[in-house]
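File shown: input.txt (compact mmCIF, C-alpha atoms).
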# COMPACT_ATOMS: atom_id res chain seq x y z
CA MET Q 9 1.67 -15.71 15.56
CA THR Q 10 0.63 -18.69 13.46
CA PHE Q 11 0.97 -18.78 9.68
CA SER Q 12 -2.80 -18.34 9.21
CA ASP Q 13 -2.79 -15.41 11.66
CA SER Q 14 0.03 -13.74 9.73
CA ILE Q 15 -1.92 -14.01 6.47
CA LEU Q 16 -4.94 -12.27 8.04
CA ARG Q 17 -2.89 -9.52 9.74
CA LEU Q 18 -3.53 -6.03 8.36
CA LEU Q 19 -0.83 -3.35 8.61
CA ASP Q 20 -1.32 0.28 9.59
CA HIS Q 21 -1.35 2.47 6.52
CA ARG Q 22 0.55 5.69 5.94
CA VAL Q 23 -0.56 8.39 3.53
CA ALA Q 24 2.26 10.65 2.29
CA ILE Q 25 1.12 14.11 1.19
CA GLY Q 26 3.43 16.29 -0.87
CA SER Q 27 2.15 19.85 -0.88
CA ALA Q 28 3.46 23.35 -0.22
CA ASP Q 29 -0.10 24.28 0.77
CA MET Q 30 -0.43 23.21 4.41
CA GLY Q 31 -4.09 24.20 4.46
CA LEU Q 32 -4.81 21.76 1.65
CA ALA Q 33 -2.87 19.03 3.47
CA ALA Q 34 -5.00 19.60 6.57
CA GLU Q 35 -8.21 19.44 4.50
CA LEU Q 36 -7.16 16.15 2.91
CA THR Q 37 -6.23 14.65 6.27
CA ALA Q 38 -9.60 15.56 7.75
CA ALA Q 39 -11.53 14.35 4.70
CA VAL Q 40 -9.80 10.97 4.54
CA ASN Q 41 -10.20 10.42 8.29
CA LEU Q 42 -13.94 10.91 7.81
CA SER Q 43 -14.23 8.53 4.87
CA SER Q 44 -11.98 5.61 5.82
CA ARG Q 45 -10.28 3.93 8.75
CA ARG Q 46 -7.72 6.24 10.26
CA PRO Q 47 -4.32 6.02 8.56
CA GLN Q 48 -1.17 7.84 9.60
CA PHE Q 49 -0.33 11.00 7.66
CA CYS Q 50 3.04 12.54 6.85
CA VAL Q 51 3.35 15.84 4.99
CA SER Q 52 6.29 17.08 2.90
CA THR Q 53 6.52 20.61 1.52
CA THR Q 54 9.19 19.99 -1.15
CA LEU Q 55 9.61 17.36 -3.85
CA GLY Q 56 13.04 16.34 -2.52
CA GLU Q 57 11.69 15.78 0.97
CA PHE Q 58 8.72 13.89 -0.45
CA ARG Q 59 10.94 11.55 -2.49
CA ALA Q 60 13.15 10.87 0.52
CA ARG Q 61 10.14 10.00 2.65
CA LEU Q 62 8.81 7.54 0.08
CA GLU Q 63 12.21 5.88 -0.12
CA SER Q 64 12.53 5.47 3.66
CA GLU Q 65 8.98 4.67 4.80
CA ALA Q 66 6.31 2.13 3.92
CA VAL Q 67 3.57 4.20 2.27
CA SER Q 68 0.17 2.92 1.13
CA VAL Q 69 -0.71 5.90 -1.06
CA ALA Q 70 1.11 9.11 -1.99
CA VAL Q 71 -0.72 12.37 -2.70
CA VAL Q 72 1.13 14.85 -4.91
CA HIS Q 73 -0.05 18.45 -5.22
CA ASP Q 74 1.00 20.54 -8.20
CA SER Q 75 2.62 23.07 -5.85
CA ILE Q 76 5.68 20.85 -5.27
CA LEU Q 77 6.20 19.61 -8.83
CA GLY Q 78 7.54 22.87 -10.23
CA GLN Q 79 9.65 22.40 -13.35
CA ALA Q 80 10.66 18.83 -12.52
CA SER Q 81 10.85 16.30 -15.36
CA LEU Q 82 7.44 14.70 -14.87
CA ALA Q 83 8.16 11.48 -16.75
CA GLU Q 84 11.17 10.69 -14.56
CA THR Q 85 9.55 11.99 -11.38
CA MET Q 86 6.37 9.94 -11.80
CA LEU Q 87 8.35 6.77 -12.55
CA GLN Q 88 10.36 7.19 -9.35
CA LEU Q 89 7.32 7.96 -7.22
CA THR Q 90 5.04 5.21 -8.54
CA GLU Q 91 7.74 2.63 -7.81
CA ALA Q 92 7.28 3.49 -4.14
CA ALA Q 93 3.50 3.91 -3.95
CA PRO Q 94 0.38 4.53 -6.05
CA LEU Q 95 -0.22 8.25 -6.60
CA VAL Q 96 -3.16 10.59 -6.33
CA VAL Q 97 -2.13 13.70 -8.29
CA LEU Q 98 -3.85 17.03 -7.66
CA ALA Q 99 -3.17 19.49 -10.49
CA PRO Q 100 -4.88 21.89 -12.92
CA PRO Q 101 -6.94 20.19 -15.66
CA TRP Q 102 -4.45 21.12 -18.40
CA ARG Q 103 -1.76 18.98 -16.73
CA GLN Q 104 -3.73 15.75 -16.97
CA SER Q 105 -2.04 14.73 -20.22
CA ASP Q 106 1.34 14.85 -18.41
CA PHE Q 107 0.22 11.89 -16.31
CA PHE Q 108 -1.43 9.83 -19.04
CA ARG Q 109 0.98 6.91 -18.87
CA GLY Q 110 0.60 6.53 -15.11
CA ILE Q 111 -3.19 6.80 -15.39
CA GLU Q 112 -3.19 4.21 -18.17
CA ASN Q 113 -1.09 1.81 -16.08
CA GLY Q 114 -3.32 2.21 -13.03
CA ASP Q 115 -0.53 3.79 -10.94
CA VAL Q 116 -1.98 7.32 -10.92
CA GLU Q 117 -5.36 8.82 -10.06
CA PHE Q 118 -5.69 12.35 -11.43
CA VAL Q 119 -7.84 14.95 -9.68
CA ALA Q 120 -8.32 18.31 -11.39
CA THR Q 121 -8.05 21.14 -8.86
CA VAL Q 122 -11.40 22.72 -9.67
CA GLY Q 123 -14.61 22.74 -7.66
CA ASP Q 124 -14.84 20.41 -4.63
CA PHE Q 125 -11.75 18.45 -5.61
CA VAL Q 126 -10.78 17.61 -2.00
CA SER Q 127 -13.79 15.29 -1.65
CA LEU Q 128 -12.91 13.51 -4.88
CA ALA Q 129 -9.27 13.16 -3.83
CA ALA Q 130 -10.36 11.74 -0.46
CA ALA Q 131 -12.52 9.16 -2.24
CA PHE Q 132 -9.58 8.04 -4.40
CA ILE Q 133 -7.32 7.83 -1.34
CA ALA Q 134 -9.91 5.83 0.60
CA ARG Q 135 -10.26 3.40 -2.32
CA ARG Q 136 -6.49 2.89 -2.50
CA LEU Q 137 -6.43 2.25 1.26
CA ARG Q 138 -9.12 -0.41 0.87
CA TRP Q 139 -7.05 -2.08 -1.84
CA ALA Q 140 -4.01 -1.88 0.42
CA ASP Q 141 -6.01 -3.65 3.15
CA LEU Q 142 -6.61 -6.54 0.76
CA ALA Q 143 -2.97 -6.64 -0.28
CA ASP Q 144 -1.71 -6.50 3.30
CA SER Q 145 -3.61 -9.64 4.24
CA ALA Q 146 -0.69 -11.56 2.67
CA THR Q 147 2.29 -9.55 3.90
CA GLY Q 148 2.87 -11.78 6.91
CA LEU Q 149 4.21 -14.60 4.77
CA PRO Q 150 7.64 -16.11 5.67
CA TRP Q 151 9.56 -13.95 3.16
CA ARG Q 152 12.98 -14.63 4.69
CA GLU Q 153 12.74 -18.26 3.57
CA LEU Q 154 12.32 -17.27 -0.08
CA PRO Q 155 15.11 -16.71 -2.66
CA PRO Q 156 16.54 -13.14 -2.62
CA GLU Q 157 15.30 -12.43 -6.14
CA PHE Q 158 11.72 -13.51 -5.39
CA GLY Q 159 10.35 -9.95 -5.00
CA SER Q 160 11.70 -8.70 -8.33
CA ILE Q 161 10.62 -11.89 -10.13
CA LEU Q 162 7.12 -11.56 -8.68
CA ARG Q 163 6.74 -8.00 -9.92
CA HIS Q 164 8.26 -8.77 -13.32
CA GLU Q 165 6.25 -11.90 -14.08
CA ILE Q 166 2.91 -10.42 -12.99
CA ASN Q 167 3.28 -6.71 -13.75
CA ASN Q 168 4.40 -7.16 -17.36
CA PRO Q 169 1.24 -9.03 -18.42
CA LEU Q 170 -0.90 -6.78 -16.21
CA THR Q 171 0.44 -3.70 -17.98
CA GLY Q 172 -0.76 -5.19 -21.27
CA ILE Q 173 -4.14 -6.07 -19.79
CA LEU Q 174 -4.61 -2.59 -18.35
CA GLY Q 175 -3.41 -0.79 -21.46
CA ASN Q 176 -5.65 -2.74 -23.81
CA SER Q 177 -8.63 -2.56 -21.47
CA GLU Q 178 -8.30 1.21 -21.11
CA LEU Q 179 -7.98 1.50 -24.90
CA LEU Q 180 -11.16 -0.52 -25.37
CA LEU Q 181 -12.96 1.62 -22.80
CA SER Q 182 -11.97 4.82 -24.57
CA HIS Q 183 -13.22 3.50 -27.94
CA LEU Q 184 -16.36 1.71 -26.77
CA ARG Q 185 -17.73 4.07 -24.13
CA GLY Q 186 -21.15 5.17 -25.33
CA LYS Q 187 -21.20 2.52 -28.09
CA ILE Q 188 -21.96 -0.66 -26.16
CA ALA Q 189 -24.60 -1.68 -23.63
CA PRO Q 190 -24.09 -0.38 -20.05
CA GLY Q 191 -23.77 -3.93 -18.70
CA SER Q 192 -20.96 -4.77 -21.11
CA LEU Q 193 -19.21 -1.49 -20.30
CA GLN Q 194 -19.46 -2.23 -16.58
CA ARG Q 195 -17.85 -5.64 -17.05
CA LEU Q 196 -14.97 -4.05 -18.94
CA GLU Q 197 -14.54 -1.49 -16.17
CA THR Q 198 -14.47 -4.39 -13.69
CA VAL Q 199 -11.57 -5.94 -15.64
CA VAL Q 200 -9.63 -2.68 -15.26
CA ASP Q 201 -10.50 -2.36 -11.57
CA LEU Q 202 -9.42 -5.92 -10.74
CA ALA Q 203 -6.23 -5.61 -12.77
CA VAL Q 204 -5.28 -2.43 -10.89
CA ARG Q 205 -6.02 -4.17 -7.58
CA LEU Q 206 -3.84 -7.14 -8.54
CA ARG Q 207 -1.05 -4.80 -9.64
CA GLU Q 208 -1.17 -3.05 -6.27
CA THR Q 209 -1.15 -6.36 -4.39
CA THR Q 210 1.87 -7.51 -6.38
CA ARG Q 211 3.73 -4.26 -5.71
CA ARG Q 212 3.15 -4.48 -1.97
CA LEU Q 213 4.03 -8.18 -1.78
CA GLY Q 214 7.27 -7.57 -3.67
CA ASN Q 215 8.17 -4.63 -1.44
CA ALA Q 216 7.34 -6.59 1.71
CA CYS Q 217 9.54 -9.46 0.56
CA GLU Q 218 12.52 -7.21 -0.22
CA ARG Q 219 12.10 -5.24 3.01
CA GLU Q 220 12.01 -8.37 5.19
CA GLN Q 221 14.97 -9.94 3.41
CA ALA Q 222 17.00 -6.70 3.73
CA GLN Q 223 16.30 -6.61 7.47
CA ALA Q 224 17.35 -10.25 7.77
CA ARG Q 225 20.67 -9.53 6.02
CA THR Q 226 21.49 -6.63 8.37
CA ALA Q 227 20.34 -8.38 11.55

Representation of the structure as structure tokens:
Amino acid sequence: MTFSDSILRLLDHRVAIGSADMGLAAELTAAVNLSSRRPQFCVSTTLGEFRARLESEAVSVAVVHDSILGQASLAETMLQLTEAAPLVVLAPPWRQSDFFRGIENGDVEFVATVGDFVSLAAAFIARRLRWADLADSATGLPWRELPPEFGSILRHEINNPLTGILGNSELLLSHLRGKIAPGSLQRLETVVDLAVRLRETTRRLGNACEREQAQARTA
């Protein structure tokens, strides 16, 4: 495979679903298969099993249902999970404030479990898979030739400013929605969308680098 071929190569995507409700997991799997190219699915019924899966497998998007969260410390749990993959959280409306920081940072999509929420969740998952496609176009780079700390430096140097961009953009959106012209609002929403996409690309590039270098060390 040439260097240019490796840049254009797209990886298969895996969707991790954490839910004690197997019927819901089946609904999500069917809905996403209808709305996007077919990813692989893996289902966990407990939070511990779900965490272990995210730590051991390359996951493009993780879906967390309220049924496995229980009384876990959400702040710590969300931090651990979003380090592995972007999240789509399915929970009652009153829990949305628990995930505010992740939503603000672009790491979490929140879906309230009322009405036809499965269709909305499937749309969020499909969007994250499309972003992952864009990010994966660069994962064939020769990572083993780079310094060992490259992955962490990449995330640090790009994610820190991106967090500021996302936070301030979301703050502006919350204050200006309904007060400025629709065209101006759309441009601000585009800033948020592109910043989230860049954050996801950076996360996947950093993970790909560290994974390839770890394999090289153990080979």

(request) Determine the nearest neighbour of Q:Phe107 from the options Q:Leu82, Q:Ala129, Q:Thr121, Q:Glu208, counting only C-alpha atoms. (result)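 With only C-alpha atoms as the atom set, the closest residue is Q:Leu82.
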
(message) I'd like the interatomic distance between atom CA of Q:Trp102 and atom CA of Q:Val119, to a tenth of an Å.
(response)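 Those two atoms sit 11.2 Å apart.
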
(request) Within 12 Å of Q:Val204, counting all atoms listed in the file, which residues show up once you throw out same-chain ones fewer than 5 positions away? Write them as a PyMOL selection string, please. (result) chain Q and resi 94+110-117+135-136+139-140+143+166-167+169-175+177-178+197-199+209-211

(request) Would you mind listing what lies within 8 Å of stretch 41-57 of chain Q as a VMD selection string, with all atoms listed in the file counted and same-chain residues fewer than 3 positions away left out? (result) chain Q and resid 20 to 30 33 37 to 38 60 to 61 76 to 77 130 to 131 134 137

(request) State, in Å with one decimal place, the distance from atom CA of Q:Leu128 to atom CA of Q:Ser75. (result)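 Going from atom CA of Q:Leu128 over to atom CA of Q:Ser75, I get 18.3 Å.
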
(message) Just the number, please: distance in Å from atom CA of Q:Leu36 to atom CA of Q:Leu98, one decimal.
(response)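 Computing the Euclidean distance for atom CA of Q:Leu36 and atom CA of Q:Leu98 yields 11.1 Å.
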
(request) Rank nothing, just name the residue among Q:Arg59, Q:Arg212, Q:Arg219, Q:Arg103 nearest to Q:Gln88, using only C-alpha atoms. (result)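 Among the listed residues, the smallest separation from Q:Gln88 belongs to Q:Arg59.
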